[in-house]
>>> print(open('target.csv').read())   # CSV, N, CA and C atoms
chain,number,residue,atom,x,y,z
A,80,MET,N,-14.1,-35.7,17.6
A,80,MET,CA,-14.6,-36.3,18.7
A,80,MET,C,-15.4,-35.3,19.6
A,81,PRO,N,-16.6,-35.7,20.0
A,81,PRO,CA,-17.5,-34.8,20.7
A,81,PRO,C,-16.9,-34.5,22.1
A,82,GLY,N,-17.3,-33.4,22.6
A,82,GLY,CA,-16.8,-33.0,23.9
A,82,GLY,C,-17.4,-33.8,25.0
A,83,PRO,N,-17.0,-33.6,26.3
A,83,PRO,CA,-17.5,-34.4,27.4
A,83,PRO,C,-19.0,-34.2,27.7
A,84,TYR,N,-19.5,-33.1,27.3
A,84,TYR,CA,-20.9,-32.8,27.6
A,84,TYR,C,-21.9,-33.0,26.4
A,85,ALA,N,-21.4,-33.6,25.3
A,85,ALA,CA,-22.2,-33.8,24.2
A,85,ALA,C,-23.2,-35.0,24.4
A,86,ILE,N,-24.4,-34.8,24.0
A,86,ILE,CA,-25.4,-35.8,24.1
A,86,ILE,C,-25.5,-36.6,22.8
A,87,PRO,N,-25.5,-37.9,22.9
A,87,PRO,CA,-25.5,-38.7,21.6
A,87,PRO,C,-26.9,-38.4,20.9
A,88,MET,N,-26.8,-38.4,19.6
A,88,MET,CA,-27.9,-38.1,18.7
A,88,MET,C,-29.2,-38.9,19.0
A,89,PRO,N,-29.1,-40.2,19.1
A,89,PRO,CA,-30.3,-41.0,19.4
A,89,PRO,C,-31.0,-40.6,20.7
A,90,MET,N,-30.3,-40.1,21.6
A,90,MET,CA,-31.0,-39.7,22.9
A,90,MET,C,-31.7,-38.4,22.7
A,91,LEU,N,-31.4,-37.6,21.7
A,91,LEU,CA,-32.1,-36.3,21.4
A,91,LEU,C,-33.3,-36.4,20.6
A,92,VAL,N,-33.4,-37.5,19.8
A,92,VAL,CA,-34.5,-37.6,18.8
A,92,VAL,C,-35.9,-37.7,19.5
A,93,LYS,N,-36.0,-38.5,20.5
A,93,LYS,CA,-37.3,-38.7,21.1
A,93,LYS,C,-37.8,-37.5,21.9
A,94,PRO,N,-37.0,-36.8,22.7
A,94,PRO,CA,-37.6,-35.6,23.4
A,94,PRO,C,-37.9,-34.5,22.4
A,95,VAL,N,-37.1,-34.3,21.3
A,95,VAL,CA,-37.4,-33.3,20.3
A,95,VAL,C,-38.7,-33.6,19.6
A,96,LEU,N,-38.8,-34.9,19.2
A,96,LEU,CA,-40.1,-35.3,18.5
A,96,LEU,C,-41.3,-35.1,19.4
A,97,ILE,N,-41.2,-35.4,20.6
A,97,ILE,CA,-42.3,-35.3,21.5
A,97,ILE,C,-42.7,-33.8,21.7
A,98,ALA,N,-41.7,-33.0,21.8
A,98,ALA,CA,-41.9,-31.5,22.0
A,98,ALA,C,-42.5,-30.9,20.7
A,99,CYS,N,-42.1,-31.4,19.6
A,99,CYS,CA,-42.7,-30.9,18.3
A,99,CYS,C,-44.2,-31.3,18.2
A,100,LEU,N,-44.5,-32.6,18.5
A,100,LEU,CA,-45.8,-33.0,18.4
A,100,LEU,C,-46.7,-32.4,19.4
A,101,ALA,N,-46.2,-32.1,20.6
A,101,ALA,CA,-47.0,-31.5,21.6
A,101,ALA,C,-47.3,-30.0,21.2
A,102,SER,N,-46.4,-29.3,20.7
A,102,SER,CA,-46.6,-27.9,20.3
A,102,SER,C,-47.6,-27.9,19.1
A,103,LEU,N,-47.5,-28.8,18.2
A,103,LEU,CA,-48.4,-28.9,17.1
A,103,LEU,C,-49.9,-29.2,17.6
A,104,ALA,N,-50.0,-30.1,18.5
A,104,ALA,CA,-51.3,-30.4,19.0
A,104,ALA,C,-52.0,-29.2,19.8
A,105,LEU,N,-51.1,-28.5,20.5
A,105,LEU,CA,-51.6,-27.3,21.2
A,105,LEU,C,-52.0,-26.1,20.3
A,106,THR,N,-51.4,-26.0,19.2
A,106,THR,CA,-51.6,-24.9,18.3
A,106,THR,C,-52.6,-25.1,17.2
A,107,SER,N,-53.0,-26.4,17.0
A,107,SER,CA,-53.9,-26.7,15.9
A,107,SER,C,-55.2,-27.2,16.4
A,108,PRO,N,-56.3,-26.4,16.3
A,108,PRO,CA,-57.6,-26.9,16.8
A,108,PRO,C,-58.1,-28.1,16.1
A,109,VAL,N,-57.7,-28.3,14.8
A,109,VAL,CA,-58.2,-29.5,14.1
A,109,VAL,C,-57.6,-30.7,14.6
A,110,LEU,N,-56.3,-30.7,14.9
A,110,LEU,CA,-55.6,-31.9,15.4
A,110,LEU,C,-56.0,-32.1,16.9
A,111,ALA,N,-56.3,-31.1,17.6
A,111,ALA,CA,-56.6,-31.2,19.0
A,111,ALA,C,-58.0,-31.8,19.3
A,112,ARG,N,-58.8,-31.7,18.3
A,112,ARG,CA,-60.2,-32.2,18.4
A,112,ARG,C,-60.2,-33.8,18.3
A,113,PRO,N,-60.9,-34.5,19.2
A,113,PRO,CA,-60.9,-35.9,19.1
A,113,PRO,C,-61.5,-36.4,17.7
A,114,ILE,N,-60.9,-37.5,17.3
A,114,ILE,CA,-61.4,-38.1,16.1
A,114,ILE,C,-62.9,-38.6,16.3
A,115,GLY,N,-63.7,-38.3,15.3
A,115,GLY,CA,-65.1,-38.6,15.4
A,115,GLY,C,-66.0,-37.6,16.2
A,116,ALA,N,-65.4,-36.5,16.5
A,116,ALA,CA,-66.1,-35.5,17.3
A,116,ALA,C,-67.3,-35.0,16.6
A,117,GLU,N,-67.2,-34.8,15.2
A,117,GLU,CA,-68.3,-34.3,14.4
A,117,GLU,C,-69.5,-35.3,14.5
A,118,GLN,N,-69.2,-36.5,14.4
A,118,GLN,CA,-70.2,-37.5,14.5
A,118,GLN,C,-70.9,-37.5,15.8
A,119,ASP,N,-70.1,-37.4,16.9
A,119,ASP,CA,-70.7,-37.3,18.3
A,119,ASP,C,-71.6,-36.1,18.4
A,120,ASP,N,-71.2,-35.0,17.8
A,120,ASP,CA,-72.0,-33.8,17.9
A,120,ASP,C,-73.4,-34.0,17.2
A,121,GLY,N,-73.3,-34.6,16.0
A,121,GLY,CA,-74.6,-34.9,15.3
A,121,GLY,C,-75.4,-35.9,16.1
A,122,GLN,N,-74.9,-36.9,16.7
A,122,GLN,CA,-75.6,-37.9,17.4
A,122,GLN,C,-76.3,-37.2,18.7
A,123,ARG,N,-75.5,-36.4,19.3
A,123,ARG,CA,-76.0,-35.7,20.5
A,123,ARG,C,-77.2,-34.8,20.1
A,124,ALA,N,-77.1,-34.0,19.0
A,124,ALA,CA,-78.1,-33.2,18.5
A,124,ALA,C,-79.4,-34.0,18.1
A,125,ALA,N,-79.2,-35.1,17.5
A,125,ALA,CA,-80.3,-36.0,17.1
A,125,ALA,C,-81.0,-36.5,18.3
A,126,ARG,N,-80.3,-36.9,19.3
A,126,ARG,CA,-80.9,-37.3,20.6
A,126,ARG,C,-81.7,-36.2,21.3
A,127,GLU,N,-81.1,-35.0,21.3
A,127,GLU,CA,-81.8,-33.9,22.0
A,127,GLU,C,-83.1,-33.6,21.3
A,128,ARG,N,-83.1,-33.6,20.0
A,128,ARG,CA,-84.3,-33.3,19.2
A,128,ARG,C,-85.3,-34.4,19.4
A,129,ARG,N,-84.9,-35.7,19.4
A,129,ARG,CA,-85.8,-36.8,19.6
A,129,ARG,C,-86.5,-36.7,21.0
A,130,LEU,N,-85.7,-36.3,22.0
A,130,LEU,CA,-86.2,-36.2,23.4
A,130,LEU,C,-87.2,-35.1,23.5
A,131,ARG,N,-87.1,-34.0,22.7
A,131,ARG,CA,-88.0,-32.9,22.7
A,131,ARG,C,-89.2,-33.2,21.8
A,132,GLY,N,-89.2,-34.4,21.1
A,132,GLY,CA,-90.4,-34.7,20.3
A,132,GLY,C,-90.3,-34.1,18.9
A,133,GLN,N,-89.1,-33.6,18.5
A,133,GLN,CA,-89.0,-32.9,17.2
A,133,GLN,C,-88.5,-33.9,16.2
A,134,ASN,N,-88.0,-35.0,16.5
A,134,ASN,CA,-87.4,-36.0,15.6
A,134,ASN,C,-87.9,-37.4,15.8
A,135,LEU,N,-87.9,-38.1,14.8
A,135,LEU,CA,-88.2,-39.6,15.0
A,135,LEU,C,-86.8,-40.2,15.5
A,136,PRO,N,-86.9,-41.3,16.3
A,136,PRO,CA,-85.7,-41.9,16.7
A,136,PRO,C,-85.0,-42.5,15.5
A,137,ALA,N,-83.7,-42.5,15.6
A,137,ALA,CA,-82.9,-43.1,14.4
A,137,ALA,C,-83.3,-44.5,14.1
A,138,ARG,N,-83.6,-45.3,15.1
A,138,ARG,CA,-84.0,-46.7,14.9
A,138,ARG,C,-85.3,-46.8,14.1
A,139,GLU,N,-86.2,-45.8,14.3
A,139,GLU,CA,-87.5,-45.8,13.5
A,139,GLU,C,-87.2,-45.4,12.1
A,140,ILE,N,-86.3,-44.5,11.9
A,140,ILE,CA,-85.9,-44.1,10.5
A,140,ILE,C,-85.3,-45.3,9.8
A,141,GLU,N,-84.4,-46.0,10.5
A,141,GLU,CA,-83.7,-47.2,9.9
A,141,GLU,C,-84.8,-48.2,9.6
A,142,ARG,N,-85.7,-48.4,10.5
A,142,ARG,CA,-86.8,-49.5,10.3
A,142,ARG,C,-87.6,-49.2,9.0
A,143,ARG,N,-87.8,-47.9,8.7
A,143,ARG,CA,-88.6,-47.5,7.6
A,143,ARG,C,-87.7,-47.6,6.3
A,144,VAL,N,-86.5,-47.2,6.3
A,144,VAL,CA,-85.7,-47.1,5.1
A,144,VAL,C,-85.0,-48.4,4.7
A,145,ILE,N,-84.4,-49.1,5.6
A,145,ILE,CA,-83.6,-50.3,5.3
A,145,ILE,C,-84.4,-51.3,4.4
A,146,PRO,N,-85.7,-51.6,4.7
A,146,PRO,CA,-86.4,-52.5,3.8
A,146,PRO,C,-86.5,-52.0,2.4
A,147,LYS,N,-86.4,-50.7,2.2
A,147,LYS,CA,-86.5,-50.1,0.8
A,147,LYS,C,-85.2,-50.2,0.0
A,148,MET,N,-84.2,-50.9,0.6
A,148,MET,CA,-82.9,-51.0,0.0
A,148,MET,C,-82.5,-52.5,-0.1
A,149,PRO,N,-83.3,-53.3,-0.9
A,149,PRO,CA,-83.0,-54.7,-0.9
A,149,PRO,C,-81.6,-55.0,-1.6
A,150,GLY,N,-80.9,-55.9,-1.1
A,150,GLY,CA,-79.6,-56.3,-1.7
A,150,GLY,C,-78.5,-55.4,-1.3
A,151,ALA,N,-78.8,-54.4,-0.4
A,151,ALA,CA,-77.7,-53.4,0.0
A,151,ALA,C,-77.4,-53.7,1.5
A,152,GLN,N,-76.1,-53.5,1.8
A,152,GLN,CA,-75.7,-53.7,3.2
A,152,GLN,C,-75.7,-52.3,3.9
A,153,TYR,N,-76.4,-52.3,5.0
A,153,TYR,CA,-76.5,-51.0,5.8
A,153,TYR,C,-75.2,-50.8,6.5
A,154,LEU,N,-74.7,-49.6,6.4
A,154,LEU,CA,-73.4,-49.2,7.0
A,154,LEU,C,-73.5,-48.3,8.2
A,155,GLY,N,-74.6,-47.6,8.3
A,155,GLY,CA,-74.8,-46.7,9.4
A,155,GLY,C,-75.4,-45.3,8.9
A,156,PHE,N,-75.4,-44.3,9.9
A,156,PHE,CA,-76.0,-43.1,9.5
A,156,PHE,C,-75.2,-41.9,10.1
A,157,ASP,N,-75.4,-40.8,9.5
A,157,ASP,CA,-74.9,-39.5,10.0
A,157,ASP,C,-76.1,-38.6,10.2
A,158,TYR,N,-76.0,-37.6,11.0
A,158,TYR,CA,-77.1,-36.7,11.2
A,158,TYR,C,-76.6,-35.3,11.1
A,159,ASP,N,-77.3,-34.5,10.3
A,159,ASP,CA,-77.0,-33.1,10.1
A,159,ASP,C,-78.0,-32.2,10.9
A,160,PRO,N,-77.6,-31.7,12.1
A,160,PRO,CA,-78.5,-31.0,12.9
A,160,PRO,C,-79.0,-29.7,12.3
A,161,GLU,N,-78.1,-29.1,11.4
A,161,GLU,CA,-78.5,-27.8,10.8
A,161,GLU,C,-79.7,-27.9,9.9
A,162,HIS,N,-79.8,-29.1,9.1
A,162,HIS,CA,-80.9,-29.3,8.2
A,162,HIS,C,-81.8,-30.4,8.7
A,163,ASP,N,-81.6,-30.9,9.9
A,163,ASP,CA,-82.5,-32.0,10.4
A,163,ASP,C,-82.6,-33.1,9.4
A,164,VAL,N,-81.5,-33.6,8.9
A,164,VAL,CA,-81.5,-34.7,7.9
A,164,VAL,C,-80.5,-35.8,8.4
A,165,TYR,N,-81.1,-37.0,8.3
A,165,TYR,CA,-80.3,-38.2,8.5
A,165,TYR,C,-79.8,-38.7,7.1
A,166,THR,N,-78.5,-39.1,7.1
A,166,THR,CA,-78.0,-39.7,5.8
A,166,THR,C,-77.6,-41.1,6.1
A,167,LEU,N,-78.4,-42.0,5.6
A,167,LEU,CA,-78.1,-43.5,5.8
A,167,LEU,C,-77.2,-43.9,4.7
A,168,LYS,N,-76.2,-44.7,5.0
A,168,LYS,CA,-75.3,-45.2,4.0
A,168,LYS,C,-75.4,-46.7,3.8
A,169,PHE,N,-75.4,-47.1,2.6
A,169,PHE,CA,-75.5,-48.5,2.2
A,169,PHE,C,-74.4,-48.8,1.2
A,170,LEU,N,-74.1,-50.1,1.1
A,170,LEU,CA,-73.1,-50.6,0.1
A,170,LEU,C,-73.8,-51.7,-0.7
A,171,ARG,N,-73.8,-51.5,-2.0
A,171,ARG,CA,-74.3,-52.5,-2.9
A,171,ARG,C,-73.4,-52.7,-4.1
A,172,ASN,N,-72.9,-53.9,-4.4
A,172,ASN,CA,-72.0,-54.2,-5.5
A,172,ASN,C,-70.8,-53.3,-5.6
A,173,GLY,N,-70.3,-53.0,-4.4
A,173,GLY,CA,-69.1,-52.2,-4.3
A,173,GLY,C,-69.3,-50.7,-4.5
A,174,SER,N,-70.6,-50.3,-4.6
A,174,SER,CA,-70.9,-48.8,-4.7
A,174,SER,C,-71.6,-48.4,-3.4
A,175,VAL,N,-71.3,-47.1,-3.0
A,175,VAL,CA,-71.9,-46.6,-1.8
A,175,VAL,C,-73.2,-45.8,-2.3
A,176,ILE,N,-74.2,-46.0,-1.5
A,176,ILE,CA,-75.5,-45.3,-1.7
A,176,ILE,C,-75.9,-44.5,-0.5
A,177,TRP,N,-76.2,-43.2,-0.7
A,177,TRP,CA,-76.6,-42.4,0.4
A,177,TRP,C,-78.1,-42.1,0.3
A,178,VAL,N,-78.8,-42.2,1.4
A,178,VAL,CA,-80.2,-41.9,1.4
A,178,VAL,C,-80.4,-40.9,2.4
A,179,GLU,N,-80.9,-39.7,2.0
A,179,GLU,CA,-81.2,-38.6,2.9
A,179,GLU,C,-82.6,-38.7,3.3
A,180,VAL,N,-82.8,-38.5,4.7
A,180,VAL,CA,-84.2,-38.7,5.2
A,180,VAL,C,-84.5,-37.5,6.1
A,181,ASP,N,-85.7,-37.0,6.0
A,181,ASP,CA,-86.1,-35.9,6.9
A,181,ASP,C,-86.2,-36.5,8.3
A,182,GLY,N,-85.5,-35.8,9.3
A,182,GLY,CA,-85.5,-36.3,10.6
A,182,GLY,C,-86.8,-36.2,11.4
A,183,HIS,N,-87.7,-35.3,10.9
A,183,HIS,CA,-89.0,-35.1,11.6
A,183,HIS,C,-90.0,-36.0,11.1
A,184,THR,N,-90.1,-36.2,9.7
A,184,THR,CA,-91.2,-37.0,9.2
A,184,THR,C,-90.8,-38.4,8.8
A,185,GLY,N,-89.5,-38.6,8.6
A,185,GLY,CA,-89.0,-39.9,8.2
A,185,GLY,C,-89.1,-40.1,6.7
A,186,GLN,N,-89.5,-39.1,6.0
A,186,GLN,CA,-89.7,-39.2,4.5
A,186,GLN,C,-88.3,-39.1,3.8
A,187,ILE,N,-88.1,-40.0,2.8
A,187,ILE,CA,-86.9,-40.0,2.0
A,187,ILE,C,-86.9,-38.8,1.2
A,188,LEU,N,-85.8,-38.0,1.3
A,188,LEU,CA,-85.7,-36.7,0.5
A,188,LEU,C,-85.0,-37.0,-0.8
A,189,ARG,N,-83.9,-37.8,-0.8
A,189,ARG,CA,-83.2,-38.1,-2.0
A,189,ARG,C,-82.3,-39.3,-1.8
A,190,ARG,N,-81.9,-39.9,-2.9
A,190,ARG,CA,-80.9,-41.0,-3.0
A,190,ARG,C,-79.8,-40.6,-3.9
A,191,MET,N,-78.6,-40.9,-3.5
A,191,MET,CA,-77.4,-40.7,-4.3
A,191,MET,C,-76.6,-41.9,-4.4
A,192,GLY,N,-76.1,-42.2,-5.6
A,192,GLY,CA,-75.3,-43.4,-5.8
A,192,GLY,C,-76.2,-44.5,-6.5
A,193,SER,N,-75.5,-45.6,-6.7
A,193,SER,CA,-76.3,-46.7,-7.4
A,193,SER,C,-76.2,-48.0,-6.7
>>> encode(input="target.csv", output="structure tokens")
Amino acid sequence: MPGPYAIPMPMLVKPVLIACLASLALTSPVLARPIGAEQDDGQRAARERRLRGQNLPAREIERRVIPKMPGAQYLGFDYDPEHDVYTLKFLRNGSVIWVEVDGHTGQILRRMGS
């Protein structure tokens, strides 16, 4: 039989779990970063370059590329500020297709997938 000052096990689980998760979040920069932060950084960089006149707007790139992908569903884009490349993603017949586009000229650089 436990002593008079013993804490029942179910009452200990929640505080211990919270303490463990908090310490993990504080010590791990990957887990501490908000989900989708990389995408936000890319979108911010794309916007800054567009405002400086270095890039075409994402909507203009979409306007040029989407018609060249008949029968494919457009899923969205990512932007790589290091290489100034938009990657538009499409879905056709269950397969993903990536189309890389130069952010400055709007020219299609390459297609991957089928």
>>> residues_near_point(input="target.csv", point="(-80.6, -40.7, 6.5)", cutoff="6.5 Å", atoms="only N, CA and C atoms", output="PyMOL selection string")
chain A and resi 156-157+164-168+178-181
>>> atom_distance(input="target.csv", atom1="CA of Ala137 in chain A", atom2="CA of Gly182 in chain A")
8.2 Å
>>> closest_residue(input="target.csv", among="A:Pro146, A:Ser174, A:Gly192, A:Ala124", to="Tyr158 in chain A", atoms="all atoms listed in the file")
A:Ala124
>>> atom_distance(input="target.csv", atom1="CA of Ser193 in chain A", atom2="CA of Arg171 in chain A")
7.6 Å
>>> build_atoms(input="target.csv", residues="range 173-189 of chain A", atoms="N, CA, C and O atoms", output="short mmCIF file (atom, residue, chain, number, x, y, z; two decimals), in the frame of the given file")
data_model
loop_
_atom_site.label_atom_id
_atom_site.label_comp_id
_atom_site.auth_asym_id
_atom_site.auth_seq_id
_atom_site.Cartn_x
_atom_site.Cartn_y
_atom_site.Cartn_z
N GLY A 173 -70.30 -53.00 -4.40
CA GLY A 173 -69.10 -52.20 -4.30
C GLY A 173 -69.30 -50.70 -4.50
O GLY A 173 -68.39 -49.88 -4.45
N SER A 174 -70.60 -50.30 -4.60
CA SER A 174 -70.90 -48.80 -4.70
C SER A 174 -71.60 -48.40 -3.40
O SER A 174 -72.46 -49.07 -2.86
N VAL A 175 -71.30 -47.10 -3.00
CA VAL A 175 -71.90 -46.60 -1.80
C VAL A 175 -73.20 -45.80 -2.30
O VAL A 175 -73.20 -45.13 -3.28
N ILE A 176 -74.20 -46.00 -1.50
CA ILE A 176 -75.50 -45.30 -1.70
C ILE A 176 -75.90 -44.50 -0.50
O ILE A 176 -75.80 -45.03 0.62
N TRP A 177 -76.20 -43.20 -0.70
CA TRP A 177 -76.60 -42.40 0.40
C TRP A 177 -78.10 -42.10 0.30
O TRP A 177 -78.53 -41.73 -0.78
N VAL A 178 -78.80 -42.20 1.40
CA VAL A 178 -80.20 -41.90 1.40
C VAL A 178 -80.40 -40.90 2.40
O VAL A 178 -80.22 -41.07 3.63
N GLU A 179 -80.90 -39.70 2.00
CA GLU A 179 -81.20 -38.60 2.90
C GLU A 179 -82.60 -38.70 3.30
O GLU A 179 -83.52 -38.82 2.51
N VAL A 180 -82.80 -38.50 4.70
CA VAL A 180 -84.20 -38.70 5.20
C VAL A 180 -84.50 -37.50 6.10
O VAL A 180 -83.63 -37.13 6.97
N ASP A 181 -85.70 -37.00 6.00
CA ASP A 181 -86.10 -35.90 6.90
C ASP A 181 -86.20 -36.50 8.30
O ASP A 181 -86.90 -37.46 8.59
N GLY A 182 -85.50 -35.80 9.30
CA GLY A 182 -85.50 -36.30 10.60
C GLY A 182 -86.80 -36.20 11.40
O GLY A 182 -87.08 -36.89 12.32
N HIS A 183 -87.70 -35.30 10.90
CA HIS A 183 -89.00 -35.10 11.60
C HIS A 183 -90.00 -36.00 11.10
O HIS A 183 -90.77 -36.63 11.85
N THR A 184 -90.10 -36.20 9.70
CA THR A 184 -91.20 -37.00 9.20
C THR A 184 -90.80 -38.40 8.80
O THR A 184 -91.60 -39.27 8.64
N GLY A 185 -89.50 -38.60 8.60
CA GLY A 185 -89.00 -39.90 8.20
C GLY A 185 -89.10 -40.10 6.70
O GLY A 185 -88.82 -41.18 6.14
N GLN A 186 -89.50 -39.10 6.00
CA GLN A 186 -89.70 -39.20 4.50
C GLN A 186 -88.30 -39.10 3.80
O GLN A 186 -87.44 -38.33 4.17
N ILE A 187 -88.10 -40.00 2.80
CA ILE A 187 -86.90 -40.00 2.00
C ILE A 187 -86.90 -38.80 1.20
O ILE A 187 -87.83 -38.49 0.41
N LEU A 188 -85.80 -38.00 1.30
CA LEU A 188 -85.70 -36.70 0.50
C LEU A 188 -85.00 -37.00 -0.80
O LEU A 188 -85.38 -36.40 -1.83
N ARG A 189 -83.90 -37.80 -0.80
CA ARG A 189 -83.20 -38.10 -2.00
C ARG A 189 -82.30 -39.30 -1.80
O ARG A 189 -81.85 -39.53 -0.70
#
